[in-house]
Amino acid sequence: MRNGRPASRGFTLIEGLIAMVIFMIGVIGVIASLLNARGATSMARRAILANAVATDLTEQLDTWPYDEARLGPPPEEPCLADPADTSGALESRGADYDSFLACAHDEDDLTGDEKVWSGLPRHAELAGVRFESDSNVDDFKRFWVVREENRDGTAASPPNTGVRKRIWIHVTYGEGGARRKVTRFVTKFRVGGL
């Protein structure tokens, strides 16, 4: 006993409240880091799927003959001047995006005119891959731009007379309300053209 009072062997109410607040701050930090990791995992998963879609299209283009109509050159700008889309037109939603869509090969060219397509179907539901519909900006969409060249690097004219076709493959997808893009580059040589 001290000063006539019994010795206290526990915590006061204030000490208990302070301990609970400190504990809750730690719990909130752990929950925030788990949510952040979940978002990062989702972003990485979509990027991996976009790469898989681009790889699939790359492999399919490789099986097409050199004079395949789906490997025709773009008819107009901006695809002629910027086939790699360095300006980011495919990542925007505006006039630049619409202009690029007008000149690039896209989903409709995969199976148009009864063409054989053995890659991922247009509306595949493989591991969450959905190809773009009018209502869903988060879906995947495939584009490719072809530039045919002569030996000296100038544009070949008429079509299918050059020695190589340079092909830029773009896969766009949505992530967190923004458009993202994966780009691949392939060169297809005409047999006997070099």
# chains A, B, ... in the order shown; residues from 1 in each chain; ligands from 1
$ select_by_dssp --residues "chain A" --states "strand (DSSP E)" --output "VMD selection string"
chain A and resid 141 to 149 164 to 175 178 to 189
$ residues_around --residues "A:Arg151" --least-positions-apart "3" --cutoff "12 Å" --atoms "only C-alpha atoms" --output "PDB file with N, CA and C atoms, in the first residue's frame"
ATOM      1  N   GLU A 148       5.202  -1.949 -96.256  1.00  0.00           N
ATOM      2  CA  GLU A 148       6.000  -2.772 -97.160  1.00  0.00           C
ATOM      3  C   GLU A 148       7.121  -1.919 -97.737  1.00  0.00           C
ATOM      4  N   THR A 154      12.610   2.214 -99.089  1.00  0.00           N
ATOM      5  CA  THR A 154      11.506   3.047 -99.553  1.00  0.00           C
ATOM      6  C   THR A 154      10.228   2.217 -99.618  1.00  0.00           C
ATOM      7  N   ALA A 155       9.106   2.904 -99.590  1.00  0.00           N
ATOM      8  CA  ALA A 155       7.811   2.214 -99.623  1.00  0.00           C
ATOM      9  C   ALA A 155       7.631   1.507-100.954  1.00  0.00           C
ATOM     10  N   ALA A 156       7.154   0.268-100.880  1.00  0.00           N
ATOM     11  CA  ALA A 156       6.922  -0.526-102.092  1.00  0.00           C
ATOM     12  C   ALA A 156       5.567  -0.174-102.694  1.00  0.00           C
ATOM     13  N   THR A 161       5.111  -6.113-103.853  1.00  0.00           N
ATOM     14  CA  THR A 161       6.270  -6.097-104.741  1.00  0.00           C
ATOM     15  C   THR A 161       7.565  -5.823-103.984  1.00  0.00           C
ATOM     16  N   GLY A 162       7.475  -5.488-102.708  1.00  0.00           N
ATOM     17  CA  GLY A 162       8.664  -5.199-101.908  1.00  0.00           C
ATOM     18  C   GLY A 162       9.334  -6.466-101.422  1.00  0.00           C
ATOM     19  N   VAL A 163      10.414  -6.286-100.666  1.00  0.00           N
ATOM     20  CA  VAL A 163      11.161  -7.436-100.155  1.00  0.00           C
ATOM     21  C   VAL A 163      10.811  -7.770 -98.713  1.00  0.00           C
ATOM     22  N   ARG A 164      10.208  -6.832 -98.007  1.00  0.00           N
ATOM     23  CA  ARG A 164       9.851  -7.102 -96.611  1.00  0.00           C
ATOM     24  C   ARG A 164       8.642  -6.263 -96.204  1.00  0.00           C
ATOM     25  N   LYS A 165       7.960  -6.776 -95.215  1.00  0.00           N
ATOM     26  CA  LYS A 165       6.848  -6.051 -94.603  1.00  0.00           C
ATOM     27  C   LYS A 165       7.177  -5.870 -93.134  1.00  0.00           C
ATOM     28  N   PHE A 189       9.631 -11.357 -94.419  1.00  0.00           N
ATOM     29  CA  PHE A 189      10.374 -11.254 -95.669  1.00  0.00           C
ATOM     30  C   PHE A 189       9.697 -12.061 -96.761  1.00  0.00           C
ATOM     31  N   ARG A 190       9.745 -11.500 -97.974  1.00  0.00           N
ATOM     32  CA  ARG A 190       9.222 -12.223 -99.133  1.00  0.00           C
ATOM     33  C   ARG A 190      10.251 -13.290 -99.522  1.00  0.00           C
ATOM     34  N   GLY A 193      13.016 -12.627-101.971  1.00  0.00           N
ATOM     35  CA  GLY A 193      13.004 -11.184-102.158  1.00  0.00           C
ATOM     36  C   GLY A 193      14.296 -10.497-101.834  1.00  0.00           C
ATOM     37  N   LEU A 194      15.163 -11.163-101.092  1.00  0.00           N
ATOM     38  CA  LEU A 194      16.438 -10.502-100.724  1.00  0.00           C
ATOM     39  C   LEU A 194      17.460 -10.869-101.689  1.00  0.00           C
TER      40      LEU A 194
END
$ closest_residue --among "A:Met43, A:Val146, A:Ala178, A:Ser157" --to "A:Leu61" --atoms "only C-alpha atoms"
A:Val146
$ residues_around --residues "stretch 88-96 of chain A" --least-positions-apart "5" --cutoff "7 Å" --atoms "only C-alpha atoms" --output "MDAnalysis selection string"
chainID A and resid 179:181
$ write_last_selection --atoms "C-alpha atoms" --output "mmCIF file, in the first residue's frame"
data_model
loop_
_atom_site.group_PDB
_atom_site.id
_atom_site.type_symbol
_atom_site.label_atom_id
_atom_site.label_comp_id
_atom_site.auth_asym_id
_atom_site.auth_seq_id
_atom_site.Cartn_x
_atom_site.Cartn_y
_atom_site.Cartn_z
ATOM 1 C CA ARG A 179 -5.938 3.237 -71.882
ATOM 2 C CA ARG A 180 -2.720 1.211 -71.954
ATOM 3 C CA LYS A 181 -0.910 -0.286 -74.932
#
$ residues_around --residues "A:Trp144" --least-positions-apart "3" --cutoff "8 Å" --atoms "only C-alpha atoms" --output "PyMOL selection string"
chain A and resi 104-106+167-170
$ write_last_selection --atoms "C-alpha atoms" --output "compact mmCIF listing (two decimals), in the first residue's frame"
# COMPACT_ATOMS: atom_id res chain seq x y z
CA ALA A 104 -5.07 0.27 -89.01
CA HIS A 105 -6.05 -3.36 -89.45
CA ASP A 106 -8.22 -4.48 -86.55
CA ILE A 167 4.44 -5.00 -88.98
CA TRP A 168 3.62 -3.11 -85.78
CA ILE A 169 1.21 -4.99 -83.53
CA HIS A 170 -0.69 -3.00 -80.90
$ select_by_dssp --residues "stretch 27-114 of chain A" --states "alpha helix (DSSP H)" --output "PyMOL selection string"
chain A and resi 27-63+95-103+107-111
$ atom_distance --atom1 "atom CA of A:Asp108" --atom2 "atom CA of A:Glu59"
18.0 Å
$ atom_distance --atom1 "atom CA of A:Arg184" --atom2 "atom CA of A:Thr55"
8.1 Å
$ closest_residue --among "A:Val171, A:Ile14, A:Val116, A:Ala81" --to "A:Thr183" --atoms "only C-alpha atoms"
A:Val171
$ decode --residues "stretch 69-113 of chain A" --atoms "N, CA and C atoms" --output "PDB file, in the first residue's frame"
ATOM      1  N   ALA A  69      -3.988 -10.525 -97.912  1.00  0.00           N
ATOM      2  CA  ALA A  69      -4.667  -9.219 -97.940  1.00  0.00           C
ATOM      3  C   ALA A  69      -4.657  -8.540 -96.569  1.00  0.00           C
ATOM      4  N   ARG A  70      -4.670  -9.334 -95.509  1.00  0.00           N
ATOM      5  CA  ARG A  70      -4.649  -8.766 -94.160  1.00  0.00           C
ATOM      6  C   ARG A  70      -3.302  -8.130 -93.826  1.00  0.00           C
ATOM      7  N   LEU A  71      -2.310  -8.330 -94.690  1.00  0.00           N
ATOM      8  CA  LEU A  71      -0.998  -7.715 -94.510  1.00  0.00           C
ATOM      9  C   LEU A  71      -0.781  -6.586 -95.505  1.00  0.00           C
ATOM     10  N   GLY A  72      -1.869  -5.996 -95.958  1.00  0.00           N
ATOM     11  CA  GLY A  72      -1.775  -4.870 -96.874  1.00  0.00           C
ATOM     12  C   GLY A  72      -1.346  -3.608 -96.152  1.00  0.00           C
ATOM     13  N   PRO A  73      -0.721  -2.681 -96.872  1.00  0.00           N
ATOM     14  CA  PRO A  73      -0.272  -1.433 -96.247  1.00  0.00           C
ATOM     15  C   PRO A  73      -1.453  -0.527 -95.915  1.00  0.00           C
ATOM     16  N   PRO A  74      -1.272   0.388 -94.947  1.00  0.00           N
ATOM     17  CA  PRO A  74      -2.360   1.306 -94.591  1.00  0.00           C
ATOM     18  C   PRO A  74      -2.614   2.296 -95.718  1.00  0.00           C
ATOM     19  N   PRO A  75      -3.849   2.667 -95.926  1.00  0.00           N
ATOM     20  CA  PRO A  75      -4.183   3.563 -97.025  1.00  0.00           C
ATOM     21  C   PRO A  75      -3.915   5.030 -96.741  1.00  0.00           C
ATOM     22  N   GLU A  76      -3.740   5.418 -95.489  1.00  0.00           N
ATOM     23  CA  GLU A  76      -3.687   6.856 -95.181  1.00  0.00           C
ATOM     24  C   GLU A  76      -2.960   7.126 -93.871  1.00  0.00           C
ATOM     25  N   GLU A  77      -2.873   8.422 -93.568  1.00  0.00           N
ATOM     26  CA  GLU A  77      -2.286   8.880 -92.298  1.00  0.00           C
ATOM     27  C   GLU A  77      -3.271   8.565 -91.175  1.00  0.00           C
ATOM     28  N   PRO A  78      -2.866   8.476 -89.940  1.00  0.00           N
ATOM     29  CA  PRO A  78      -1.526   8.643 -89.388  1.00  0.00           C
ATOM     30  C   PRO A  78      -0.699   7.362 -89.407  1.00  0.00           C
ATOM     31  N   CYS A  79      -1.294   6.273 -89.901  1.00  0.00           N
ATOM     32  CA  CYS A  79      -0.586   4.984 -89.883  1.00  0.00           C
ATOM     33  C   CYS A  79       0.654   4.985 -90.760  1.00  0.00           C
ATOM     34  N   LEU A  80       0.628   5.702 -91.865  1.00  0.00           N
ATOM     35  CA  LEU A  80       1.796   5.754 -92.743  1.00  0.00           C
ATOM     36  C   LEU A  80       2.961   6.468 -92.072  1.00  0.00           C
ATOM     37  N   ALA A  81       2.678   7.576 -91.417  1.00  0.00           N
ATOM     38  CA  ALA A  81       3.731   8.380 -90.811  1.00  0.00           C
ATOM     39  C   ALA A  81       4.178   7.858 -89.442  1.00  0.00           C
ATOM     40  N   ASP A  82       3.267   7.219 -88.701  1.00  0.00           N
ATOM     41  CA  ASP A  82       3.571   6.803 -87.336  1.00  0.00           C
ATOM     42  C   ASP A  82       3.006   5.407 -87.057  1.00  0.00           C
ATOM     43  N   PRO A  83       3.530   4.373 -87.751  1.00  0.00           N
ATOM     44  CA  PRO A  83       2.964   3.036 -87.552  1.00  0.00           C
ATOM     45  C   PRO A  83       3.184   2.485 -86.146  1.00  0.00           C
ATOM     46  N   ALA A  84       4.207   2.972 -85.450  1.00  0.00           N
ATOM     47  CA  ALA A  84       4.482   2.515 -84.090  1.00  0.00           C
ATOM     48  C   ALA A  84       3.617   3.242 -83.059  1.00  0.00           C
ATOM     49  N   ASP A  85       2.846   4.218 -83.497  1.00  0.00           N
ATOM     50  CA  ASP A  85       1.986   5.022 -82.616  1.00  0.00           C
ATOM     51  C   ASP A  85       2.784   5.662 -81.492  1.00  0.00           C
ATOM     52  N   THR A  86       3.887   6.308 -81.848  1.00  0.00           N
ATOM     53  CA  THR A  86       4.692   7.003 -80.844  1.00  0.00           C
ATOM     54  C   THR A  86       3.970   8.220 -80.284  1.00  0.00           C
ATOM     55  N   SER A  87       2.957   8.700 -81.002  1.00  0.00           N
ATOM     56  CA  SER A  87       2.193   9.855 -80.520  1.00  0.00           C
ATOM     57  C   SER A  87       1.180   9.465 -79.441  1.00  0.00           C
ATOM     58  N   GLY A  88       0.939   8.174 -79.269  1.00  0.00           N
ATOM     59  CA  GLY A  88       0.000   7.725 -78.238  1.00  0.00           C
ATOM     60  C   GLY A  88      -1.460   7.825 -78.626  1.00  0.00           C
ATOM     61  N   ALA A  89      -1.749   7.830 -79.922  1.00  0.00           N
ATOM     62  CA  ALA A  89      -3.141   7.965 -80.375  1.00  0.00           C
ATOM     63  C   ALA A  89      -4.024   6.841 -79.838  1.00  0.00           C
ATOM     64  N   LEU A  90      -3.486   5.622 -79.753  1.00  0.00           N
ATOM     65  CA  LEU A  90      -4.295   4.494 -79.290  1.00  0.00           C
ATOM     66  C   LEU A  90      -4.566   4.531 -77.793  1.00  0.00           C
ATOM     67  N   GLU A  91      -3.840   5.352 -77.063  1.00  0.00           N
ATOM     68  CA  GLU A  91      -4.059   5.461 -75.628  1.00  0.00           C
ATOM     69  C   GLU A  91      -4.998   6.605 -75.276  1.00  0.00           C
ATOM     70  N   SER A  92      -5.460   7.323 -76.277  1.00  0.00           N
ATOM     71  CA  SER A  92      -6.384   8.433 -76.042  1.00  0.00           C
ATOM     72  C   SER A  92      -7.758   8.051 -76.568  1.00  0.00           C
ATOM     73  N   ARG A  93      -8.712   8.858 -76.294  1.00  0.00           N
ATOM     74  CA  ARG A  93     -10.064   8.670 -76.835  1.00  0.00           C
ATOM     75  C   ARG A  93     -10.478   9.992 -77.464  1.00  0.00           C
ATOM     76  N   GLY A  94     -10.112  10.155 -78.708  1.00  0.00           N
ATOM     77  CA  GLY A  94     -10.432  11.402 -79.377  1.00  0.00           C
ATOM     78  C   GLY A  94     -10.236  11.262 -80.869  1.00  0.00           C
ATOM     79  N   ALA A  95      -9.999  12.388 -81.530  1.00  0.00           N
ATOM     80  CA  ALA A  95      -9.847  12.398 -82.983  1.00  0.00           C
ATOM     81  C   ALA A  95      -8.626  11.583 -83.423  1.00  0.00           C
ATOM     82  N   ASP A  96      -7.522  11.652 -82.666  1.00  0.00           N
ATOM     83  CA  ASP A  96      -6.325  10.882 -83.017  1.00  0.00           C
ATOM     84  C   ASP A  96      -6.603   9.386 -82.954  1.00  0.00           C
ATOM     85  N   TYR A  97      -7.338   8.961 -81.941  1.00  0.00           N
ATOM     86  CA  TYR A  97      -7.697   7.544 -81.781  1.00  0.00           C
ATOM     87  C   TYR A  97      -8.547   7.100 -82.965  1.00  0.00           C
ATOM     88  N   ASP A  98      -9.554   7.886 -83.303  1.00  0.00           N
ATOM     89  CA  ASP A  98     -10.438   7.541 -84.420  1.00  0.00           C
ATOM     90  C   ASP A  98      -9.680   7.502 -85.747  1.00  0.00           C
ATOM     91  N   SER A  99      -8.736   8.422 -85.941  1.00  0.00           N
ATOM     92  CA  SER A  99      -7.935   8.442 -87.176  1.00  0.00           C
ATOM     93  C   SER A  99      -7.073   7.187 -87.282  1.00  0.00           C
ATOM     94  N   PHE A 100      -6.493   6.779 -86.166  1.00  0.00           N
ATOM     95  CA  PHE A 100      -5.652   5.582 -86.185  1.00  0.00           C
ATOM     96  C   PHE A 100      -6.500   4.349 -86.450  1.00  0.00           C
ATOM     97  N   LEU A 101      -7.688   4.293 -85.856  1.00  0.00           N
ATOM     98  CA  LEU A 101      -8.590   3.163 -86.092  1.00  0.00           C
ATOM     99  C   LEU A 101      -8.976   3.050 -87.558  1.00  0.00           C
ATOM    100  N   ALA A 102      -9.149   4.188 -88.202  1.00  0.00           N
ATOM    101  CA  ALA A 102      -9.590   4.198 -89.597  1.00  0.00           C
ATOM    102  C   ALA A 102      -8.542   3.609 -90.542  1.00  0.00           C
ATOM    103  N   CYS A 103      -7.270   3.700 -90.196  1.00  0.00           N
ATOM    104  CA  CYS A 103      -6.240   3.236 -91.131  1.00  0.00           C
ATOM    105  C   CYS A 103      -5.553   1.940 -90.711  1.00  0.00           C
ATOM    106  N   ALA A 104      -5.736   1.490 -89.475  1.00  0.00           N
ATOM    107  CA  ALA A 104      -5.066   0.266 -89.013  1.00  0.00           C
ATOM    108  C   ALA A 104      -5.946  -0.947 -89.267  1.00  0.00           C
ATOM    109  N   HIS A 105      -5.309  -2.097 -89.416  1.00  0.00           N
ATOM    110  CA  HIS A 105      -6.049  -3.356 -89.448  1.00  0.00           C
ATOM    111  C   HIS A 105      -6.524  -3.623 -88.027  1.00  0.00           C
ATOM    112  N   ASP A 106      -7.720  -4.231 -87.890  1.00  0.00           N
ATOM    113  CA  ASP A 106      -8.225  -4.481 -86.548  1.00  0.00           C
ATOM    114  C   ASP A 106      -8.975  -5.805 -86.489  1.00  0.00           C
ATOM    115  N   GLU A 107      -9.771  -5.973 -85.440  1.00  0.00           N
ATOM    116  CA  GLU A 107     -10.503  -7.213 -85.196  1.00  0.00           C
ATOM    117  C   GLU A 107     -11.296  -7.691 -86.417  1.00  0.00           C
ATOM    118  N   ASP A 108     -11.919  -6.773 -87.126  1.00  0.00           N
ATOM    119  CA  ASP A 108     -12.740  -7.153 -88.278  1.00  0.00           C
ATOM    120  C   ASP A 108     -11.915  -7.791 -89.393  1.00  0.00           C
ATOM    121  N   ASP A 109     -10.630  -7.454 -89.464  1.00  0.00           N
ATOM    122  CA  ASP A 109      -9.759  -8.016 -90.506  1.00  0.00           C
ATOM    123  C   ASP A 109      -9.279  -9.430 -90.183  1.00  0.00           C
ATOM    124  N   LEU A 110      -9.454  -9.869 -88.958  1.00  0.00           N
ATOM    125  CA  LEU A 110      -8.966 -11.197 -88.582  1.00  0.00           C
ATOM    126  C   LEU A 110      -9.726 -12.304 -89.302  1.00  0.00           C
ATOM    127  N   THR A 111     -11.037 -12.172 -89.361  1.00  0.00           N
ATOM    128  CA  THR A 111     -11.865 -13.239 -89.937  1.00  0.00           C
ATOM    129  C   THR A 111     -12.698 -12.765 -91.113  1.00  0.00           C
ATOM    130  N   GLY A 112     -12.498 -11.538 -91.572  1.00  0.00           N
ATOM    131  CA  GLY A 112     -13.269 -11.020 -92.690  1.00  0.00           C
ATOM    132  C   GLY A 112     -13.051 -11.800 -93.967  1.00  0.00           C
ATOM    133  N   ASP A 113     -14.026 -11.796 -94.837  1.00  0.00           N
ATOM    134  CA  ASP A 113     -13.966 -12.502 -96.123  1.00  0.00           C
ATOM    135  C   ASP A 113     -13.650 -13.987 -95.943  1.00  0.00           C
TER     136      ASP A 113
END
